[in-house]
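Asks: The following block contains the structure, expressed as structure tokens.
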Amino acid sequence: MSFSADAREWKNWVSLVARLVLGTVLVVAGALKVGNLNGSVHATAAYQLIPYEAARIVGFILPFAEIALGIMLIIGFFTRAMGLFGALMMLAFIIAIASVWARGIAIDCGCFGDGGPIDWETASKNYPIRIAEDIGLLACGVWLIVAKKPFLAVDSWLFPPVEEILARQDRRR
């Protein structure tokens, strides 16, 4: 299939938008945290889901993982696998936010920087919004998993479809 034929398929454009949205959000979220790793640790620990030492490790690693995953999504490298990792990350965030909400813990999610205790009124207004945002990002990741092939992605050039490889071999004969 040629570029112009690919460009006419709406699913390819949805894949591109899903990749860029999820990737950009992850890069921005990670970049805002990487400058303040102690704040990232504090935000992770505020969820009270894992012991502090584990939260410390997660808080330090998470910004770098978000940036790496986001860059790979933006360039379209191992798109389906990165879509899976992105979807799993969003699912974990949804569960974490729902957990603090259900337990009556009032925190800022720390999604884009410092998190930690806040007043209950603000937290209870923010939780559904953050969960809805993460559901949208989860949907982007799921779309990338089920999409046939990435569009305008490094994968398209590195890993062409088997049919395309076979067609090239047939033309050479």
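Ordering of the structure tokens sets the chain letters (A, B, ...); residue numbers start at 1 within each chain; ligands are numbered from 1 in the order shown.
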Hey, which bits of range 22-69 of chain A sit within 8 Å of range 106-119 of chain A, and for each residue what's the closest pair of atoms and how far apart in Å (one decimal), counting only C-alpha atoms, rows by chain and increasing number, as JSON lines?
Replies:
{"residue": "A:Val28", "atom": "CA", "partner": "A:Phe112", "partner_atom": "CA", "distance": 7.5}
{"residue": "A:Ala29", "atom": "CA", "partner": "A:Phe112", "partner_atom": "CA", "distance": 4.7}
{"residue": "A:Gly30", "atom": "CA", "partner": "A:Phe112", "partner_atom": "CA", "distance": 7.4}
{"residue": "A:Leu32", "atom": "CA", "partner": "A:Gly113", "partner_atom": "CA", "distance": 5.4}
{"residue": "A:Lys33", "atom": "CA", "partner": "A:Gly113", "partner_atom": "CA", "distance": 4.8}
{"residue": "A:Asn36", "atom": "CA", "partner": "A:Gly113", "partner_atom": "CA", "distance": 7.7}
{"residue": "A:Gly39", "atom": "CA", "partner": "A:Asp114", "partner_atom": "CA", "distance": 5.0}
{"residue": "A:Ser40", "atom": "CA", "partner": "A:Asp114", "partner_atom": "CA", "distance": 6.2}
{"residue": "A:His42", "atom": "CA", "partner": "A:Gly116", "partner_atom": "CA", "distance": 6.6}
{"residue": "A:Ala43", "atom": "CA", "partner": "A:Gly115", "partner_atom": "CA", "distance": 4.2}
{"residue": "A:Thr44", "atom": "CA", "partner": "A:Gly110", "partner_atom": "CA", "distance": 7.6}
{"residue": "A:Ala46", "atom": "CA", "partner": "A:Gly116", "partner_atom": "CA", "distance": 5.5}
{"residue": "A:Tyr47", "atom": "CA", "partner": "A:Ile107", "partner_atom": "CA", "distance": 7.7}
Asks: Quick one: distance from CA of Leu73 in chain A to CA of Asn38 in chain A in Å, one decimal?
Replies: 26.5 Å
Asks: Enumerate the residues of range 86-155 of chain A with a DSSP assignment of strand (DSSP E or B), computed from the backbone, and present them as a list of chain:residue names.
Replies: A:Ile107, A:Asp108, A:Gly116, A:Pro117
Asks: Distance CA of Ile74 in chain A-CA of Trp157 in chain A, one decimal place?
Replies: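 Pair CA of Ile74 in chain A / CA of Trp157 in chain A returns 14.8 Å.
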Asks: At a cut-off of 12 Å, can you tabulate as CSV every residue of range 24-107 of chain A near range 131-137 of chain A together with its closest atom pair and the distance in Å to one decimal, using only C-alpha atoms and ordering rows by chain then number?
Replies:
residue,atom,partner,partner_atom,distance
A:Thr24,CA,A:Leu137,CA,10.8
A:Val25,CA,A:Leu137,CA,8.7
A:Leu26,CA,A:Leu137,CA,9.7
A:Gly70,CA,A:Leu137,CA,12.0
A:Gly83,CA,A:Leu137,CA,10.0
A:Leu84,CA,A:Leu137,CA,11.5
A:Phe85,CA,A:Leu137,CA,11.6
A:Gly86,CA,A:Leu137,CA,8.1
A:Ala87,CA,A:Leu137,CA,7.3
A:Leu88,CA,A:Leu137,CA,10.3
A:Met89,CA,A:Asp134,CA,9.3
A:Met90,CA,A:Asp134,CA,5.6
A:Leu91,CA,A:Asp134,CA,7.5
A:Ala92,CA,A:Asp134,CA,9.5
A:Phe93,CA,A:Asp134,CA,7.2
A:Ile94,CA,A:Ile131,CA,5.5
A:Ile95,CA,A:Ile131,CA,8.7
A:Ala96,CA,A:Ile131,CA,9.6
A:Ile97,CA,A:Ile131,CA,7.0
A:Ala98,CA,A:Ile131,CA,7.5
A:Ser99,CA,A:Ile131,CA,11.1
A:Val100,CA,A:Ile131,CA,11.7
A:Trp101,CA,A:Ile131,CA,10.5
Asks: Given only C-alpha atoms as the basis, pick out the residue of A:Gly23, A:Pro150, A:Gly141, A:Gly104 nearest to Phe78 in chain A.
Replies: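 Checking each candidate against Phe78 in chain A, we get A:Pro150 as the closest.
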Asks: With distances taken over only C-alpha atoms, which residue among A:Pro51, A:Gly76, A:Gly35, A:Pro63 lies nearest Ser156 in chain A?
Replies: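 Counting only C-alpha atoms, the residue closest to Ser156 in chain A is A:Gly76.
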Asks: Considering only C-alpha atoms, state which residue in the set A:Ile75, A:Val142, A:Ile129, A:Leu37 is at the smallest distance from Leu158 in chain A.
Replies: A:Ile75
Asks: What parts of chain A does DSSP call alpha helix (DSSP H)? I'd like the answer as a PyMOL selection string.
Replies: chain A and resi 3-7+10-34+37-46+52-75+79-102+120-146+154-158+162-172
Asks: Enter the distance from CA of Asn126 in chain A to CA of Ile50 in chain A, in Å, rounded to one decimal.
Replies: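 Separation of CA of Asn126 in chain A and CA of Ile50 in chain A: 22.3 Å.
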